[in-house]
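S.K.: Here's a structure for you.
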Amino acid sequence: MMTLAPPAAHQHSDEEPVTGPRADCVADSAGGLTFDVADRGESGPAHLLLRRRDGEQEVRLPLTPAADGRLRAALPSSVELPEGRWDVYVQVADDEPYRLVPGVNDLRALVDRVPGGSHGRVAARIPYATKLGNLTVRSWLRAPHAEAGELHVGQDELSVRARAYGTELAEDAYVELVARKAQASVVRAGLTTDRSEFRFTVPYDALRPGLWDLWLRPYGENGSRVRIARLLDDVADKKPIFTYPKVTLETEHGPVMAGPYYTGDNDLAVKVAAVE
Amino acid sequence: MHISFLIHNAYGIGGTIRTTYNLANTLAEQHDVEIVSVFRHRDEPVFTPDPRVRVRHLVDVRPGGADAGDPDLGRPARVFPRGEVRYEQYSALTDRRIAEHLAAVEADVVVGTRPGLNVHLARETRRGPVRVGQEHLTLDTHSKALRATLRGVYPRLDALTTTTEADARAYRDKMRLPGVQVRAVPNPVPQPGIDPADGSGKWVVAAGRLAPVKRYDLLIKAFDAVRAQRPDWRLRIYGGGKQKDKLRGLIDQLGLYNHVYLMGPANPIEPEWAKGSIAAVTSKMESFGMTIVEAMRCGLPVVSTDCPHGPGEIIDDGVDGRLVEVGNVDAIAGGLLELINNDELRQQMAHAALKDSERFDPSRIAEHHVSLFSGLLVRGGPSLGGRMRGSLHRTRGALLGGAYAVRDAGRTALRKGRTA
């Protein structure tokens with residue numbers, strides 16, 4: 001077996017590495033996860049406990065004996081896990097639950113994931129190490145979902161390739177950009193479609209300084225709106241990894257610097273900042 | 001036999017520490033093994049020792065620890081050599097504690113794990129135990145002052161191990177070490193605890209510190225050429241370091257932001273290798289090339305520059321990976337494209353990489369060390385028992401059991417392409 005060091009978060013900090021019990025986690029391409037923990041020989045039924053952060057919700061999964069004297073719990077894609085961050089614990093009988101730290105996260109099935117998109121929803125769960133080195137599962141549940149793909153940064157515009165899951169794209173489908181601090185402020189971008197794939201271009205000079213969230217309107221003005229996000233891979237936090245060049249340009253609001261980024265929830269957004 | 005490792009800090013994170021634990025844990029299956037750490041700065045070691053491996057410290061520098069505030073910690077070391085990169089951390093106190101330890105050490109074999117500690121070992125180990133110095137870096141990376149010190153002291157070692165044959169040759173050629181066995185023993189790399197890569201992902205993976213010596217700028221430029229031909233393939237570079245902003249700038253400048261990703265540090269790295277189908281190493285220098293072995297053990301063929309010292313001794317060019325010219329962007333791109341464009345060749349090499357990298361398994365590497373130690377113990381005197389003392393019986397049992405067959409390690413095939 002590998003000699004494990006603590007999670008990456010600790011490699012370059014003075015923080016004390018966490019040395020709690022480890023869980024090895026394997027993802028399947030449907031969005032299911034299995035968790036393996038060492039059997040510490042405690043008496044009483046053991047459960048894997050997922051506790052949603054900032055909430056009362058809990059999901060309890062039975063831990064049952066697996067190979068090599070380990071205990072295994074499964075979180076199949078069919079078990080709904082509402083969107084959010086879920087801290088992972090083990091609880092034996094009614095004892096105080098103890099937090100797990102990540103061991104080996106085998107997430108290869110999530111890389112370049114193409115879900116069926118049937119049942120009109122996309123579920124994504126990505127286990128990761130928190131800043132303190134603990135194990136947490138980030139869950140997204142989108143119905144429908146718009147997955148951002150390649151972004152192309154031009155001189156004064158952003159072109160996006162994306163794909164819709166769980167919805168058709170009507171003829172009057174379009175993308176809208178909504179100012180985060182002033183929801184009434186909306187800018188439209190037309191799109192071209194190829195079955196479920198679509199492309200659109202955001203002209204930066206149409207955006208006044210601020211943060212803009214991107215939504216798909218698959219049925220035009222009257223239907224629902226779908227957040228454009230990047231969820232279908234193994235990267236829990238896109239922001240520091242999926243980064244893109246910024247451009248400076250002259251607009252009616254003066255000189256600005258503009259560029260796309262992913263939010264803390266991995267939703268696609270554009271930042272336009274006035275340049276002094 | 002009883003083996004005692006002397007290490008800078010067994011409680012931290014690092015290549016030498018990981019390697020020492022991997023080796024000690026494996027040796028402990030047949031031998032008495034202890035790891036003596038000069039420093040202890042935290043309660044528990046980061047890496048988990050086998051329960052049979054004893055870990056202890058000489059100087060306790062934990063806040064409120066026994067030696068915190070000892071005035072001798074502030075007085076300069078006289079035995080630990082000034083030319084060593086760790087010199088500033090050593091002191092009159094470490095000099096004294098290490099000397100006391102080595103004067104009384106109860107072991108058949110004492111192993112030092114860095115040049116400064118090897119100097120202590122050579123000068124201060126009591127008569128009796130075999131003295132083995134390990135070099136995890138290379139001779140040509142040592143300062144001139146350190147080389148001068150080592151030249152005077154290393155002849156008092158019984159053996160010196162390097163991680164490559166190239167470095168072993170350098171020690172034999174450039175330092176006069178009469179009577180010292182200079183032997184290349186590669187670093188052990190355990191079998192990963194996950195299934196190997198299946199070769200279906202269109203990803204090239206690299207992992208290492210984002211440092212100038214790794215030349216990731218060349219890899220990114222080479223990937224620009226890869227993208228021109230195969231835009232469906234992408235590159236992940238794992239690791240952190242000072243070059244990050246520079247490399248980010250290069251990716252953006254070349255418009256590779258949909259193809260090349262700086263992933264940040266990952267630990268363990270094995271699951272990340274398993275997401276790729278080809279590994280890339282573009283270094284100017286690799287003292288060993290641990291990541292090459294790690295990637296191979298995860299079933300990835302490696303395209304690597306043929307830089308000093310390790311890659312050429314690990315990769316069998318054209319069989320389990322590809323060696324390309326150092327510093328040559330076109331050659332790197334060519335090597336990657338050769339494997340990207342030929343699924344069958346890539347799968348063949350992946351299979352060979354998995355098989356050929358088994359020679360780095362800790363059990364095999366431990367065997368090399370045991371063979372070296374045993375040979376030195378036998379050489380050490382007319383009376384085997386005199387040198388082996390109480391643990392002889394146990395060792396002989398193990399040898400007869402065949403778990404670690406003693407043989408002439410010079411003939412034991414360590415080199416690529418052959419099996420032991």
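Identifiers in the structure tokens: chain A, B, ... in order shown; residue index from 1 per chain; ligand index from 1 in order shown.
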What residues in chain B have any atom no more than 8 Å from chain A when counting only C-alpha atoms, and can you write them as a ChimeraX atom specification?
M.R.: /B:13,18,22,46-48,190-194,252,257-258,261-268,271-272,274-275
S.K.: Run DSSP on the backbone of this structure and report the residues of range 22-267 of chain A it assigns to strand (DSSP E), as a PyMOL selection string.
M.R.: chain A and resi 22-27+33-38+46-52+58-62+64-65+70-75+84-92+98-99+101-106+122-129+135-142+145-153+157-165+174-179+182-194+197-203+210-217+226-229+247-251+254-262
S.K.: So, counting only C-alpha atoms, which residue among B:Ala66, B:Val319, B:Val326, B:Leu372 is closest to Ala350 in chain B?
M.R.: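 Under the stated criterion, the closest residue is B:Val319.
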S.K.: Tell me which protein, DNA and RNA residues are within 12 Å of range 327-332 of chain B, counting only C-alpha atoms, leaving out same-chain ones fewer than 2 positions away, and put them as an mmCIF file with all heavy atoms, in the first residue's frame.
M.R.:
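Below you can see part.cif, which holds the result:
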```cif
data_model
loop_
_atom_site.group_PDB
_atom_site.id
_atom_site.type_symbol
_atom_site.label_atom_id
_atom_site.label_comp_id
_atom_site.auth_asym_id
_atom_site.auth_seq_id
_atom_site.Cartn_x
_atom_site.Cartn_y
_atom_site.Cartn_z
ATOM 1 N N VAL B 213 13.954 23.774 -12.312
ATOM 2 C CA VAL B 213 14.660 22.561 -12.742
ATOM 3 C C VAL B 213 13.709 21.582 -13.441
ATOM 4 O O VAL B 213 14.134 20.774 -14.268
ATOM 5 C CB VAL B 213 15.367 21.886 -11.545
ATOM 6 C CG1 VAL B 213 14.345 21.302 -10.565
ATOM 7 C CG2 VAL B 213 16.337 20.804 -12.004
ATOM 8 N N LYS B 214 12.419 21.679 -13.155
ATOM 9 C CA LYS B 214 11.453 20.755 -13.759
ATOM 10 C C LYS B 214 11.111 21.149 -15.204
ATOM 11 O O LYS B 214 10.510 20.345 -15.930
ATOM 12 C CB LYS B 214 10.171 20.688 -12.927
ATOM 13 C CG LYS B 214 10.382 20.237 -11.487
ATOM 14 C CD LYS B 214 10.795 18.780 -11.410
ATOM 15 C CE LYS B 214 10.987 18.331 -9.963
ATOM 16 N NZ LYS B 214 11.549 16.983 -9.866
ATOM 17 N N ARG B 215 11.427 22.369 -15.589
ATOM 18 C CA ARG B 215 11.225 22.862 -16.964
ATOM 19 C C ARG B 215 9.800 22.626 -17.473
ATOM 20 O O ARG B 215 9.590 22.182 -18.614
ATOM 21 C CB ARG B 215 12.237 22.252 -17.930
ATOM 22 C CG ARG B 215 13.669 22.617 -17.677
ATOM 23 C CD ARG B 215 13.961 24.109 -17.573
ATOM 24 N NE ARG B 215 13.488 24.919 -18.685
ATOM 25 C CZ ARG B 215 14.221 25.240 -19.746
ATOM 26 N NH1 ARG B 215 15.459 24.818 -19.833
ATOM 27 N NH2 ARG B 215 13.720 25.991 -20.698
ATOM 28 N N TYR B 216 8.817 22.928 -16.635
ATOM 29 C CA TYR B 216 7.438 22.787 -17.094
ATOM 30 C C TYR B 216 7.103 23.780 -18.201
ATOM 31 O O TYR B 216 6.135 23.588 -18.934
ATOM 32 C CB TYR B 216 6.465 22.910 -15.914
ATOM 33 C CG TYR B 216 6.484 21.694 -15.017
ATOM 34 C CD1 TYR B 216 6.622 21.808 -13.640
ATOM 35 C CD2 TYR B 216 6.367 20.414 -15.557
ATOM 36 C CE1 TYR B 216 6.650 20.685 -12.827
ATOM 37 C CE2 TYR B 216 6.399 19.288 -14.749
ATOM 38 C CZ TYR B 216 6.540 19.426 -13.391
ATOM 39 O OH TYR B 216 6.564 18.314 -12.584
ATOM 40 N N ASP B 217 7.920 24.838 -18.311
ATOM 41 C CA ASP B 217 7.708 25.761 -19.440
ATOM 42 C C ASP B 217 7.867 25.017 -20.764
ATOM 43 O O ASP B 217 7.105 25.234 -21.710
ATOM 44 C CB ASP B 217 8.686 26.951 -19.348
ATOM 45 C CG ASP B 217 10.141 26.518 -19.272
ATOM 46 O OD1 ASP B 217 10.434 25.484 -18.611
ATOM 47 O OD2 ASP B 217 11.005 27.186 -19.868
ATOM 48 N N LEU B 218 8.837 24.113 -20.826
ATOM 49 C CA LEU B 218 9.037 23.327 -22.056
ATOM 50 C C LEU B 218 7.855 22.396 -22.299
ATOM 51 O O LEU B 218 7.421 22.209 -23.449
ATOM 52 C CB LEU B 218 10.315 22.488 -21.956
ATOM 53 C CG LEU B 218 11.625 23.246 -21.780
ATOM 54 C CD1 LEU B 218 12.783 22.262 -21.705
ATOM 55 C CD2 LEU B 218 11.836 24.228 -22.919
ATOM 56 N N LEU B 219 7.346 21.803 -21.225
ATOM 57 C CA LEU B 219 6.212 20.887 -21.362
ATOM 58 C C LEU B 219 4.993 21.630 -21.907
ATOM 59 O O LEU B 219 4.283 21.127 -22.789
ATOM 60 C CB LEU B 219 5.896 20.241 -20.008
ATOM 61 C CG LEU B 219 4.710 19.273 -19.972
ATOM 62 C CD1 LEU B 219 4.865 18.158 -20.997
ATOM 63 C CD2 LEU B 219 4.528 18.700 -18.570
ATOM 64 N N ILE B 220 4.766 22.835 -21.393
ATOM 65 C CA ILE B 220 3.612 23.614 -21.849
ATOM 66 C C ILE B 220 3.790 23.998 -23.317
ATOM 67 O O ILE B 220 2.869 23.878 -24.121
ATOM 68 C CB ILE B 220 3.427 24.855 -20.945
ATOM 69 C CG1 ILE B 220 2.967 24.404 -19.547
ATOM 70 C CG2 ILE B 220 2.426 25.828 -21.548
ATOM 71 C CD1 ILE B 220 3.061 25.478 -18.476
ATOM 72 N N LYS B 221 5.000 24.415 -23.667
ATOM 73 C CA LYS B 221 5.253 24.760 -25.079
ATOM 74 C C LYS B 221 5.086 23.529 -25.970
ATOM 75 O O LYS B 221 4.543 23.611 -27.075
ATOM 76 C CB LYS B 221 6.658 25.347 -25.242
ATOM 77 C CG LYS B 221 6.767 26.763 -24.714
ATOM 78 C CD LYS B 221 8.213 27.263 -24.796
ATOM 79 C CE LYS B 221 8.334 28.609 -24.107
ATOM 80 N NZ LYS B 221 9.744 28.923 -23.774
ATOM 81 N N ALA B 222 5.564 22.396 -25.491
ATOM 82 C CA ALA B 222 5.408 21.160 -26.271
ATOM 83 C C ALA B 222 3.935 20.819 -26.427
ATOM 84 O O ALA B 222 3.505 20.325 -27.483
ATOM 85 C CB ALA B 222 6.146 20.001 -25.585
ATOM 86 N N PHE B 223 3.167 21.121 -25.404
ATOM 87 C CA PHE B 223 1.748 20.778 -25.497
ATOM 88 C C PHE B 223 1.010 21.669 -26.484
ATOM 89 O O PHE B 223 -0.039 21.288 -27.008
ATOM 90 C CB PHE B 223 1.074 20.794 -24.128
ATOM 91 C CG PHE B 223 0.005 19.746 -24.025
ATOM 92 C CD1 PHE B 223 0.343 18.429 -23.765
ATOM 93 C CD2 PHE B 223 -1.332 20.053 -24.286
ATOM 94 C CE1 PHE B 223 -0.624 17.443 -23.737
ATOM 95 C CE2 PHE B 223 -2.305 19.069 -24.253
ATOM 96 C CZ PHE B 223 -1.952 17.765 -23.990
ATOM 97 N N ASP B 224 1.557 22.833 -26.754
ATOM 98 C CA ASP B 224 0.994 23.679 -27.803
ATOM 99 C C ASP B 224 1.062 22.942 -29.139
ATOM 100 O O ASP B 224 0.118 22.948 -29.931
ATOM 101 C CB ASP B 224 1.787 24.994 -27.862
ATOM 102 C CG ASP B 224 1.055 26.063 -28.648
ATOM 103 O OD1 ASP B 224 -0.187 25.941 -28.816
ATOM 104 O OD2 ASP B 224 1.719 27.023 -29.088
ATOM 105 N N ALA B 225 2.190 22.269 -29.376
ATOM 106 C CA ALA B 225 2.347 21.478 -30.606
ATOM 107 C C ALA B 225 1.442 20.249 -30.589
ATOM 108 O O ALA B 225 0.897 19.852 -31.626
ATOM 109 C CB ALA B 225 3.813 21.053 -30.765
ATOM 110 N N VAL B 226 1.280 19.652 -29.424
ATOM 111 C CA VAL B 226 0.385 18.498 -29.302
ATOM 112 C C VAL B 226 -1.041 18.915 -29.658
ATOM 113 O O VAL B 226 -1.745 18.243 -30.411
ATOM 114 C CB VAL B 226 0.439 17.905 -27.878
ATOM 115 C CG1 VAL B 226 -0.672 16.879 -27.673
ATOM 116 C CG2 VAL B 226 1.800 17.275 -27.614
ATOM 117 N N ALA B 279 2.485 9.854 -18.815
ATOM 118 C CA ALA B 279 3.106 10.779 -17.871
ATOM 119 C C ALA B 279 4.239 11.513 -18.586
ATOM 120 O O ALA B 279 4.856 10.964 -19.502
ATOM 121 C CB ALA B 279 3.645 10.030 -16.655
ATOM 122 N N ALA B 280 4.481 12.745 -18.166
ATOM 123 C CA ALA B 280 5.536 13.540 -18.796
ATOM 124 C C ALA B 280 6.496 14.087 -17.745
ATOM 125 O O ALA B 280 6.069 14.567 -16.695
ATOM 126 C CB ALA B 280 4.922 14.690 -19.589
ATOM 127 N N VAL B 281 7.790 13.983 -18.034
ATOM 128 C CA VAL B 281 8.840 14.562 -17.192
ATOM 129 C C VAL B 281 9.764 15.342 -18.119
ATOM 130 O O VAL B 281 10.268 14.776 -19.093
ATOM 131 C CB VAL B 281 9.635 13.470 -16.444
ATOM 132 C CG1 VAL B 281 10.820 14.069 -15.705
ATOM 133 C CG2 VAL B 281 8.734 12.717 -15.467
ATOM 134 N N THR B 282 9.953 16.635 -17.853
ATOM 135 C CA THR B 282 10.745 17.466 -18.766
ATOM 136 C C THR B 282 11.924 18.126 -18.048
ATOM 137 O O THR B 282 12.448 19.132 -18.501
ATOM 138 C CB THR B 282 9.850 18.545 -19.401
ATOM 139 O OG1 THR B 282 9.081 19.174 -18.362
ATOM 140 C CG2 THR B 282 8.891 17.922 -20.388
ATOM 141 N N SER B 283 12.345 17.510 -16.946
ATOM 142 C CA SER B 283 13.360 18.124 -16.084
ATOM 143 C C SER B 283 14.706 18.282 -16.770
ATOM 144 O O SER B 283 15.047 17.574 -17.706
ATOM 145 C CB SER B 283 13.554 17.255 -14.834
ATOM 146 O OG SER B 283 12.337 17.043 -14.188
ATOM 147 N N LYS B 284 15.467 19.237 -16.211
ATOM 148 C CA LYS B 284 16.864 19.418 -16.606
ATOM 149 C C LYS B 284 17.717 18.430 -15.823
ATOM 150 O O LYS B 284 18.776 18.015 -16.263
ATOM 151 C CB LYS B 284 17.263 20.861 -16.267
ATOM 152 C CG LYS B 284 18.552 21.318 -16.869
ATOM 153 C CD LYS B 284 18.696 22.820 -16.716
ATOM 154 C CE LYS B 284 19.034 23.204 -15.286
ATOM 155 N NZ LYS B 284 19.179 24.658 -15.086
ATOM 156 N N MET B 285 17.236 18.067 -14.631
ATOM 157 C CA MET B 285 17.985 17.167 -13.746
ATOM 158 C C MET B 285 17.006 16.449 -12.821
ATOM 159 O O MET B 285 16.067 17.060 -12.346
ATOM 160 C CB MET B 285 18.980 18.001 -12.923
ATOM 161 C CG MET B 285 20.156 17.258 -12.345
ATOM 162 S SD MET B 285 19.775 16.377 -10.827
ATOM 163 C CE MET B 285 19.657 17.744 -9.664
ATOM 164 N N VAL B 302 6.009 6.660 -19.496
ATOM 165 C CA VAL B 302 6.497 8.007 -19.219
ATOM 166 C C VAL B 302 7.333 8.508 -20.388
ATOM 167 O O VAL B 302 8.226 7.805 -20.863
ATOM 168 C CB VAL B 302 7.350 8.033 -17.928
ATOM 169 C CG1 VAL B 302 7.780 9.457 -17.599
ATOM 170 C CG2 VAL B 302 6.582 7.429 -16.761
ATOM 171 N N VAL B 303 7.014 9.705 -20.848
ATOM 172 C CA VAL B 303 7.882 10.403 -21.797
ATOM 173 C C VAL B 303 8.732 11.344 -20.959
ATOM 174 O O VAL B 303 8.203 12.232 -20.290
ATOM 175 C CB VAL B 303 7.061 11.201 -22.838
ATOM 176 C CG1 VAL B 303 7.987 12.032 -23.718
ATOM 177 C CG2 VAL B 303 6.210 10.255 -23.675
ATOM 178 N N SER B 304 10.048 11.099 -20.953
ATOM 179 C CA SER B 304 10.927 11.898 -20.090
ATOM 180 C C SER B 304 12.151 12.368 -20.855
ATOM 181 O O SER B 304 12.653 11.686 -21.749
ATOM 182 C CB SER B 304 11.386 11.055 -18.887
ATOM 183 O OG SER B 304 12.383 11.753 -18.149
ATOM 184 N N THR B 305 12.629 13.539 -20.457
ATOM 185 C CA THR B 305 13.926 13.970 -20.961
ATOM 186 C C THR B 305 14.996 13.022 -20.411
ATOM 187 O O THR B 305 14.882 12.522 -19.297
ATOM 188 C CB THR B 305 14.230 15.401 -20.507
ATOM 189 O OG1 THR B 305 13.895 15.518 -19.125
ATOM 190 C CG2 THR B 305 13.416 16.410 -21.298
ATOM 191 N N ASP B 306 16.005 12.790 -21.228
ATOM 192 C CA ASP B 306 17.096 11.877 -20.827
ATOM 193 C C ASP B 306 18.133 12.685 -20.051
ATOM 194 O O ASP B 306 19.293 12.788 -20.444
ATOM 195 C CB ASP B 306 17.703 11.250 -22.086
ATOM 196 C CG ASP B 306 18.621 10.084 -21.737
ATOM 197 O OD1 ASP B 306 18.645 9.676 -20.552
ATOM 198 O OD2 ASP B 306 19.316 9.601 -22.644
ATOM 199 N N CYS B 307 17.672 13.240 -18.919
ATOM 200 C CA CYS B 307 18.536 14.148 -18.153
ATOM 201 C C CYS B 307 19.308 13.354 -17.104
ATOM 202 O O CYS B 307 18.939 12.233 -16.770
ATOM 203 C CB CYS B 307 17.667 15.219 -17.495
ATOM 204 S SG CYS B 307 16.537 14.588 -16.236
ATOM 205 N N ARG B 322 9.525 6.592 -23.109
ATOM 206 C CA ARG B 322 10.295 7.252 -24.148
ATOM 207 C C ARG B 322 11.266 8.244 -23.525
ATOM 208 O O ARG B 322 10.888 9.023 -22.648
ATOM 209 C CB ARG B 322 9.327 8.019 -25.040
ATOM 210 C CG ARG B 322 9.378 7.914 -26.494
ATOM 211 C CD ARG B 322 9.816 7.177 -27.360
ATOM 212 N NE ARG B 322 10.022 6.783 -28.641
ATOM 213 C CZ ARG B 322 11.096 6.127 -28.995
ATOM 214 N NH1 ARG B 322 12.061 5.887 -28.133
ATOM 215 N NH2 ARG B 322 11.226 5.722 -30.224
ATOM 216 N N LEU B 323 12.514 8.193 -23.957
ATOM 217 C CA LEU B 323 13.505 9.179 -23.525
ATOM 218 C C LEU B 323 13.714 10.163 -24.667
ATOM 219 O O LEU B 323 13.946 9.743 -25.807
ATOM 220 C CB LEU B 323 14.820 8.489 -23.161
ATOM 221 C CG LEU B 323 14.788 7.607 -21.912
ATOM 222 C CD1 LEU B 323 16.062 6.765 -21.817
ATOM 223 C CD2 LEU B 323 14.628 8.450 -20.657
ATOM 224 N N VAL B 324 13.629 11.438 -24.350
ATOM 225 C CA VAL B 324 13.808 12.457 -25.386
ATOM 226 C C VAL B 324 14.884 13.446 -24.961
ATOM 227 O O VAL B 324 15.247 13.528 -23.784
ATOM 228 C CB VAL B 324 12.483 13.194 -25.683
ATOM 229 C CG1 VAL B 324 11.434 12.227 -26.216
ATOM 230 C CG2 VAL B 324 11.966 13.916 -24.442
ATOM 231 N N GLU B 325 15.361 14.203 -25.923
ATOM 232 C CA GLU B 325 16.485 15.101 -25.669
ATOM 233 C C GLU B 325 16.122 16.190 -24.646
ATOM 234 O O GLU B 325 15.035 16.774 -24.701
ATOM 235 C CB GLU B 325 16.916 15.757 -26.986
ATOM 236 C CG GLU B 325 18.221 16.520 -26.883
ATOM 237 C CD GLU B 325 18.505 17.335 -28.150
ATOM 238 O OE1 GLU B 325 17.915 17.020 -29.202
ATOM 239 O OE2 GLU B 325 19.291 18.279 -28.053
ATOM 240 N N GLY B 334 7.220 15.483 -29.845
ATOM 241 C CA GLY B 334 7.285 14.287 -30.682
ATOM 242 C C GLY B 334 7.079 13.016 -29.879
ATOM 243 O O GLY B 334 6.362 12.106 -30.299
ATOM 244 N N GLY B 335 7.709 12.960 -28.722
ATOM 245 C CA GLY B 335 7.561 11.793 -27.855
ATOM 246 C C GLY B 335 6.123 11.624 -27.386
ATOM 247 O O GLY B 335 5.581 10.516 -27.396
ATOM 248 N N LEU B 336 5.504 12.729 -27.016
ATOM 249 C CA LEU B 336 4.107 12.655 -26.556
ATOM 250 C C LEU B 336 3.199 12.230 -27.706
ATOM 251 O O LEU B 336 2.350 11.343 -27.554
ATOM 252 C CB LEU B 336 3.660 14.022 -26.005
ATOM 253 C CG LEU B 336 4.304 14.451 -24.681
ATOM 254 C CD1 LEU B 336 3.935 15.889 -24.339
ATOM 255 C CD2 LEU B 336 3.905 13.519 -23.540
ATOM 256 N N LEU B 337 3.386 12.849 -28.870
ATOM 257 C CA LEU B 337 2.507 12.543 -30.006
ATOM 258 C C LEU B 337 2.675 11.106 -30.486
ATOM 259 O O LEU B 337 1.709 10.476 -30.930
ATOM 260 C CB LEU B 337 2.764 13.530 -31.156
ATOM 261 C CG LEU B 337 2.082 14.894 -30.962
ATOM 262 C CD1 LEU B 337 2.641 15.923 -31.924
ATOM 263 C CD2 LEU B 337 0.561 14.780 -31.118
ATOM 264 N N GLU B 338 3.889 10.598 -30.374
ATOM 265 C CA GLU B 338 4.113 9.209 -30.780
ATOM 266 C C GLU B 338 3.195 8.279 -29.985
ATOM 267 O O GLU B 338 2.586 7.362 -30.539
ATOM 268 C CB GLU B 338 5.580 8.842 -30.539
ATOM 269 C CG GLU B 338 5.944 7.444 -31.015
ATOM 270 C CD GLU B 338 7.361 7.042 -30.601
ATOM 271 O OE1 GLU B 338 8.108 7.893 -30.089
ATOM 272 O OE2 GLU B 338 7.696 5.864 -30.790
ATOM 273 N N LEU B 339 3.094 8.539 -28.680
ATOM 274 C CA LEU B 339 2.238 7.693 -27.844
ATOM 275 C C LEU B 339 0.762 8.048 -27.967
ATOM 276 O O LEU B 339 -0.107 7.185 -27.874
ATOM 277 C CB LEU B 339 2.678 7.781 -26.373
ATOM 278 C CG LEU B 339 3.726 6.760 -25.950
ATOM 279 C CD1 LEU B 339 5.047 6.977 -26.658
ATOM 280 C CD2 LEU B 339 3.928 6.801 -24.445
#
```
S.K.: I'd like the contact shell of Tyr165 in chain A - 8 Å cut-off, only C-alpha atoms, skipping same-chain residues fewer than 6 positions apart - returned as an mmCIF file with C-alpha atoms, in the first residue's frame.
M.R.:
```
data_model
loop_
_atom_site.group_PDB
_atom_site.id
_atom_site.type_symbol
_atom_site.label_atom_id
_atom_site.label_comp_id
_atom_site.auth_asym_id
_atom_site.auth_seq_id
_atom_site.Cartn_x
_atom_site.Cartn_y
_atom_site.Cartn_z
ATOM 1 C CA GLY A 117 -29.118 13.311 -18.355
ATOM 2 C CA GLY A 120 -34.044 15.434 -16.366
ATOM 3 C CA ARG A 121 -31.436 15.930 -13.678
ATOM 4 C CA VAL A 122 -27.717 15.864 -13.133
ATOM 5 C CA ALA A 143 -32.558 19.733 -13.059
ATOM 6 C CA PRO A 144 -32.057 20.737 -15.756
ATOM 7 C CA HIS A 145 -28.364 21.556 -16.027
ATOM 8 C CA ALA A 146 -26.185 23.576 -18.416
ATOM 9 C CA GLU A 147 -22.560 22.386 -18.440
ATOM 10 C CA SER A 196 -28.058 19.661 -26.876
#
```
S.K.: Quick one: residues within 8 Å of range 168-180 of chain B, only C-alpha atoms, excluding same-chain residues fewer than 5 positions away - as a list of chain:residue names?
M.R.: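 The residues that qualify are B:Leu139, B:Arg151, B:Tyr154, B:Pro155, B:Arg156, B:Leu157, B:Asp158, B:Ala159, B:Leu160, B:Thr161, B:Thr162, B:Thr163.
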S.K.: Excluding same-chain residues fewer than 2 positions from range 92-100 of chain B, what lies within 7 Å of it counting only C-alpha atoms, as a ChimeraX atom specification?
M.R.: /B:58-59,72-73,75-80,90,102-104,124
S.K.: CA of Arg131 in chain B and CA of Thr26 in chain B are how many Å apart?
M.R.: 20.0 Å
S.K.: For a quick check of understanding, using only C-alpha atoms, which of B:Ile35, B:Ala68, B:Pro188, B:Ala352 has the smallest distance to Gly112 in chain B?
M.R.: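 Between B:Ile35, B:Ala68, B:Pro188, B:Ala352, the residue approaching Gly112 in chain B most closely is B:Ile35.
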S.K.: Find the spatial neighbours of Val175 in chain A, counting only C-alpha atoms, within a cut-off of 12 Å - ignore same-chain residues fewer than 5 positions away - and output them as an MDAnalysis selection string.
M.R.: chainID A and resid 146 159:162 164 169 186:193 198:202 213:221 224:228
S.K.: Dump as a Markdown table the rows for residues of range 73-109 of chain A within 12 Å of range 50-68 of chain A: closest atom pair and distance in Å with one decimal, only C-alpha atoms counted, ordered by chain and rising residue number.
M.R.:
```
| residue | atom | partner | partner_atom | distance |
| --- | --- | --- | --- | --- |
| A:Ala73 | CA | A:Leu63 | CA | 4.7 |
| A:Ala74 | CA | A:Leu61 | CA | 6.9 |
| A:Leu75 | CA | A:Leu61 | CA | 7.2 |
| A:Pro76 | CA | A:Leu61 | CA | 10.2 |
| A:Val79 | CA | A:Val59 | CA | 9.3 |
| A:Glu80 | CA | A:Val59 | CA | 9.4 |
| A:Leu81 | CA | A:Val59 | CA | 8.0 |
| A:Pro82 | CA | A:Arg52 | CA | 8.7 |
| A:Glu83 | CA | A:Arg52 | CA | 9.0 |
| A:Gly84 | CA | A:Arg52 | CA | 6.7 |
| A:Arg85 | CA | A:Arg53 | CA | 5.6 |
| A:Trp86 | CA | A:Arg52 | CA | 4.2 |
| A:Asp87 | CA | A:Arg51 | CA | 5.2 |
| A:Val88 | CA | A:Leu50 | CA | 4.8 |
| A:Tyr89 | CA | A:Leu50 | CA | 6.4 |
| A:Val90 | CA | A:Leu50 | CA | 8.7 |
| A:Gln91 | CA | A:Arg60 | CA | 9.1 |
| A:Val92 | CA | A:Leu63 | CA | 9.5 |
| A:Ala93 | CA | A:Pro62 | CA | 10.9 |
| A:Pro97 | CA | A:Leu50 | CA | 10.4 |
| A:Tyr98 | CA | A:Leu50 | CA | 11.2 |
| A:Arg99 | CA | A:Leu50 | CA | 9.9 |
| A:Leu100 | CA | A:Leu50 | CA | 10.6 |
```
S.K.: What is the distance, in Å and to one decimal place, between CA of Ala124 in chain A and CA of Arg70 in chain A?
M.R.: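 Between these atoms lies a distance of 25.8 Å.
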S.K.: Could you tell me how far CA of Asn118 in chain B lies from CA of Val33 in chain B, in Å and to one decimal?
M.R.: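 Calculated distance between CA of Asn118 in chain B and CA of Val33 in chain B is 18.2 Å.
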